[in-house]
Every structure is written in structure tokens, then in C-alpha cells.
Amino acid sequence: MQFDDSMTRRSWLQRSLCGTIAGASLANTFSGRGPCHALADDDSKPAAAPVTFGFSLYGMRALPLDHALKACEEIGYDAVELVANDGWPCDPARLSTAARTTLRGQLVDHRLALTSIMENLNALADDAGHRKNLDRLKAAADLGHELSPRSPPVVETILGGKPDQWNAVKGTMASRLAEWARVAESAKTVVTVKPHVAGALHTPDDALWLVEEVASPWLRLVYDFSHYRLRGLDLRKSLEMLLPQTAFIHIKDAKGTPASFNFLLPGEGDTDYATHFDILKKSGWKGSVVVEVSGQIFSKPGYDPRQAARSSYERIAPVMKQSGLRAGRG
């Protein structure tokens with residue numbers, strides 16, 4: 001498959017059909033609810049819009065969880081991504097039953113939908129590492145159901161490896177991800193994988209090949225244009241190509257080349273967010289658009305997580321509103 005405008009009628013129909021599933025967490029179809037129903041499943045609160053605007057707590061590790069959630073609410077976000085990475089505050093191994101109950105209540109109190117849980121899994125790990133990955137996927141999915149049982153969040157991860165390894169490892173990745181998909185199916189949680197400019201999976205063509213090779217509705221894609229921007233790819237072409245298989249969206253900016261790059265906060269670069277959101281709006285896509293602050297940024301001395309979240313919101317929320325994609329919080 002090439003990254004161009006050619007596509008057979010059959011493959012287009014297949015992708016369009018998959019898009020009706022991928023635009024929302026498939027787990028939510030079992031309850032008849034969309035991915036953004038529910039401010040943490042509290043039926044006394046109004047349902048959120050078809051597209052929510054969230055902030056990933058990947059960029060707020062230094063803050064206590066409740067402080068991070070409060071900041072996101074006060075700024076105006078209506079969704080968050082929690083981080084289940086090994087050793088992080090929401091690592092399932094670190095969260096007691098009482099802590100999970102408290103966290104679920106905090107999400108409700110702060111009127112925030114939980115739309116995704118970030119993991120960091122290496123699909124090319126050895127056999128022991130692969131078994132650990134399966135356990136971690138199950139644990140992250142279980143956490144999502146405990147915190148948002150009516151609208152379970154997707155679990156999202158990059159896959160590891162290096163760009164020049166793709167042809168050698170793609171078969172292994174497909175085989176491993178087929179096992180991930182079986183765990184996802186049993187847990188009724190969609191797993192989404194993100195191509196990364198520095199990873200073995202790094203192009204739109206290969207991303208489509210991978211999900212079509214696995215052929216499970218429980219395995220979908222994360223779209224993050226910053227990684228394609230660094231490869232000189234076109235926003236409209238890549239988004240329209242991948243959107244039918246995309247269940248979750250990260251946004252941030254980037255500058256440089258695949259060999260030397262810097263990630264930026266959304267709105268600090270040249271990404272055309274008006275076009276990005278117009279495509280989402282016209283396609284009828286449903287899901288969550290979430291700001292991700294790169295470790296390149298939050299690891300710098302003097303980084304202020306609240307200011308990063310606020311400045312990102314101030315740049316992006318008006319564009320989303322103008323596109324008609326999101327009305328904003330009342």
C-alpha cells in the first residue's frame with residue numbers, strides 16, 4: 001500500500017465500515033453509549049459532546065492527582081488521560097482499591113471524562129516481556145473499567161523499535177498485537193497504538209498494514225500529526241487516510257527532521273489545526289482530542305505543568321469552537 005490517493009473500492013468500503021467502530025471505543029457499544037458520554041459515569045451530569053478536549057496527565061506527573069484534575073477542570077478541559085506507565089501515580093500496581101474509589105470520585109467531582117489510559121509497552125520485548133505486556137494491558141483495561149465502567153477509556157501505547165527495523169520486525173509486531181487484541185477483547189477495552197517518528201512503526205502506510213493484518217476491532221490507531229509532520233507528510237492526506245481506523249487523537253507540535261527534532265506545545269508550531277478539526281467535524285468522528293506534552297518539554301528545568309495546560313487550551317480551544325467541533329464547558 002502506498003501513501004497516495006489510490007485505494008480500491010473494496011478497501012475503501014472496508015475502512016469506512018471499520019470507521020464506524022473506530023470513531024468510538026468499541027467497548028461503549030455494549031452499553032449503547034458513545035465514548036464521551038459521562039463525566040466519569042455520573043448520570044446526574046450532562047453528557048459531553050461527541051468530541052471532548054482533554055489533557056494528558058503525562059505532562060503533570062509532578063502534581064498530586066487531585067491537583068492535576070482540579071487544574072484541568074479550572075482551565076476548561078472536559079477530559080483527561082491518565083498514565084499507567086510502570087512507576088507512575090496511576091500504575092495499576094500502585095493503586096489500592098481505596099485509591100481507585102477516591103480517583104473515580106475525583107473525576108466526577110471535577111467533571112472530567114476519562115477517555116484514555118497511557119501505557120508504554122515494547123511490542124518487541126522478549127517472551128517474558130511480552131507476557132508482562134499482556135498482564136499490563138489487562139491491568140490497565142481493568143483500571144479503566146473501575147474508573148469509568150459505562151464508558152471505558154481506550155488504552156494507548158507506542159510500540160518501540162527503530163525506523164530501520166520495520167521490515168524485519170513487522171511480522172513479529174503483528175503476531176504480538178494479535179495477542180494484545182485477544183486480551184483487549186476479553187477485557188472489552190480498545191487498545192490503540194501510536195506510530196512514532198523514532199519507532200519501528202512510523203508511517204501511515206505501515207500503521208494501516210498493521211491494523212488490517214491483525215484484523216481485530218479491538219485494535220485501533222492513535223493519530224498524532226506531530227510525528228508525520230517531522231517526515232514532511234501532509235496533514236489532510238494522513239488524517240483522511242487514517243481516520244477510519246483512529247480511535248484516539250493526541251495533539252502537539254514539532255519542528256526538525258526525523259534525525260533531529262523537538263516537540264512543542266500545540267499551537268507553538270505550524271500545524272493547521274483549523275484544517276485538522278474541520279476534517280474531524282465533517283467526517284462525524286467521535287472521540288477525544290488530547291494535548292500531550294512531550295518529555296522533551298516537561299523534563300526541562302522550570303517547566304510549569306499548569307501553565308503548559310493553560311497555554312495549550314488558550315491556543316486550541318478557540319479553534320475547536322470555531323470549527324463547530326466543541327462548544328466548550330458551560
# chains A, B, ... in the order shown; residues from 1 in each chain; ligands from 1

call {"tool": "select_by_dssp", "arguments": {"residues": "stretch 100-199 of chain A", "states": "strand (DSSP E or B)", "output": "PDB file with C-alpha atoms, in the first residue's frame"}}
result
ATOM      1  CA  ALA A 113     -14.363  12.306  31.386  1.00  0.00           C
ATOM      2  CA  LEU A 114     -11.674   9.639  31.412  1.00  0.00           C
ATOM      3  CA  THR A 115     -11.098   8.929  27.725  1.00  0.00           C
ATOM      4  CA  SER A 116      -7.708   7.208  27.652  1.00  0.00           C
ATOM      5  CA  ILE A 117      -5.057   5.480  29.697  1.00  0.00           C
ATOM      6  CA  MET A 118      -1.468   5.748  28.507  1.00  0.00           C
ATOM      7  CA  VAL A 154      -9.064   3.281  25.413  1.00  0.00           C
ATOM      8  CA  VAL A 155      -5.569   2.133  26.340  1.00  0.00           C
ATOM      9  CA  GLU A 156      -2.915   3.745  24.146  1.00  0.00           C
ATOM     10  CA  THR A 157       0.767   2.995  23.653  1.00  0.00           C
ATOM     11  CA  VAL A 191      -6.186  -0.851  22.567  1.00  0.00           C
ATOM     12  CA  THR A 192      -4.787   1.910  20.370  1.00  0.00           C
ATOM     13  CA  VAL A 193      -1.232   2.064  19.037  1.00  0.00           C
TER      14      VAL A 193
END

call {"tool": "atom_distance", "arguments": {"atom1": "atom CA of A:Pro204", "atom2": "atom CA of A:Lys252"}}
result
17.6 Å

call {"tool": "closest_atom_pairs", "arguments": {"of": "stretch 37-151 of chain A", "to": "stretch 178-186 of chain A", "cutoff": "8 Å", "atoms": "only C-alpha atoms", "output": "Markdown table"}}
result
| residue | atom | partner | partner_atom | distance |
| --- | --- | --- | --- | --- |
| A:Leu134 | CA | A:Trp180 | CA | 6.3 |
| A:Leu137 | CA | A:Val183 | CA | 7.4 |
| A:Lys138 | CA | A:Val183 | CA | 6.6 |
| A:Ala141 | CA | A:Ala184 | CA | 7.6 |

call {"tool": "select_by_dssp", "arguments": {"residues": "stretch 24-246 of chain A", "states": "helix (DSSP H, G or I)", "output": "PyMOL selection string"}}
result
chain A and resi 26-30+57-60+65-75+92-94+97-109+127-147+163-187+204-214+225-229+235-245

call {"tool": "closest_residue", "arguments": {"among": "A:Ala207, A:Lys321, A:Gln165, A:Ser226", "to": "A:Phe261", "atoms": "only C-alpha atoms"}}
result
A:Ser226

call {"tool": "atom_distance", "arguments": {"atom1": "atom CA of A:Thr203", "atom2": "atom CA of A:Ser283"}}
result
21.9 Å

call {"tool": "closest_residue", "arguments": {"among": "A:Glu292, A:Glu119, A:Glu146, A:Glu314", "to": "A:Gly54", "atoms": "only C-alpha atoms"}}
result
A:Glu292

call {"tool": "closest_residue", "arguments": {"among": "A:Arg111, A:Lys194, A:Arg220, A:Lys132", "to": "A:Ala71", "atoms": "only C-alpha atoms"}}
result
A:Arg111

call {"tool": "residues_around", "arguments": {"residues": "A:Ser312", "least_positions_apart": "2", "cutoff": "8 Å", "atoms": "only C-alpha atoms", "output": "JSON list (two decimals) with N, CA and C atoms, in the first residue's frame"}}
result
[["chain", "number", "residue", "atom", "x", "y", "z"],
["A", 265, "LEU", "N", 4.54, 22.53, 22.40],
["A", 265, "LEU", "CA", 3.15, 22.54, 22.82],
["A", 265, "LEU", "C", 2.27, 22.84, 21.61],
["A", 266, "PRO", "N", 1.04, 22.34, 21.60],
["A", 266, "PRO", "CA", 0.18, 22.60, 20.44],
["A", 266, "PRO", "C", -0.06, 24.11, 20.28],
["A", 267, "GLY", "N", 0.06, 24.55, 19.03],
["A", 267, "GLY", "CA", -0.10, 25.96, 18.73],
["A", 267, "GLY", "C", 1.21, 26.72, 18.68],
["A", 291, "VAL", "N", -4.32, 16.90, 24.49],
["A", 291, "VAL", "CA", -2.99, 17.52, 24.46],
["A", 291, "VAL", "C", -2.00, 16.59, 25.14],
["A", 308, "ALA", "N", 1.57, 25.06, 31.06],
["A", 308, "ALA", "CA", 1.57, 24.33, 29.80],
["A", 308, "ALA", "C", 0.15, 23.93, 29.41],
["A", 309, "ALA", "N", -0.62, 23.47, 30.38],
["A", 309, "ALA", "CA", -2.01, 23.08, 30.11],
["A", 309, "ALA", "C", -2.84, 24.30, 29.73],
["A", 310, "ARG", "N", -2.63, 25.41, 30.43],
["A", 310, "ARG", "CA", -3.43, 26.61, 30.15],
["A", 310, "ARG", "C", -3.10, 27.20, 28.79],
["A", 314, "GLU", "N", -5.64, 27.68, 25.65],
["A", 314, "GLU", "CA", -5.94, 29.00, 25.10],
["A", 314, "GLU", "C", -5.66, 29.07, 23.61],
["A", 315, "ARG", "N", -4.69, 28.31, 23.14],
["A", 315, "ARG", "CA", -4.41, 28.30, 21.70],
["A", 315, "ARG", "C", -5.38, 27.42, 20.92],
["A", 316, "ILE", "N", -5.77, 26.30, 21.50],
["A", 316, "ILE", "CA", -6.50, 25.29, 20.73],
["A", 316, "ILE", "C", -8.01, 25.36, 20.91]]

call {"tool": "residues_around", "arguments": {"residues": "A:Thr102", "least_positions_apart": "6", "cutoff": "12 Å", "atoms": "only C-alpha atoms", "output": "tab-separated table (two decimals) with N, CA and C atoms, in the first residue's frame"}}
result
chain	number	residue	atom	x	y	z
A	65	LEU	N	-2.48	13.89	42.03
A	65	LEU	CA	-3.55	13.63	41.07
A	65	LEU	C	-4.72	14.60	41.22
A	66	ASP	N	-5.17	14.83	42.45
A	66	ASP	CA	-6.32	15.70	42.63
A	66	ASP	C	-6.01	17.13	42.20
A	95	LEU	N	-2.05	1.36	42.74
A	95	LEU	CA	-3.34	1.91	43.14
A	95	LEU	C	-4.15	0.88	43.93
A	96	SER	N	-4.37	1.16	45.19
A	96	SER	CA	-5.19	0.28	46.02
A	96	SER	C	-6.66	0.43	45.65
A	108	VAL	N	-15.44	12.53	38.91
A	108	VAL	CA	-16.82	13.02	38.94
A	108	VAL	C	-16.86	14.44	39.49
A	109	ASP	N	-16.19	14.66	40.60
A	109	ASP	CA	-16.22	15.97	41.25
A	109	ASP	C	-15.69	17.07	40.34
A	146	GLU	N	-12.93	0.15	36.13
A	146	GLU	CA	-13.24	0.53	37.50
A	146	GLU	C	-13.50	2.03	37.61
A	147	LEU	N	-12.73	2.83	36.88
A	147	LEU	CA	-12.86	4.27	36.99
A	147	LEU	C	-13.99	4.83	36.13

call {"tool": "atom_distance", "arguments": {"atom1": "atom CA of A:Pro153", "atom2": "atom CA of A:Pro50"}}
result
14.3 Å

call {"tool": "closest_residue", "arguments": {"among": "A:Ala62, A:Ile249, A:Leu177, A:Val290", "to": "A:Tyr313", "atoms": "only C-alpha atoms"}}
result
A:Val290
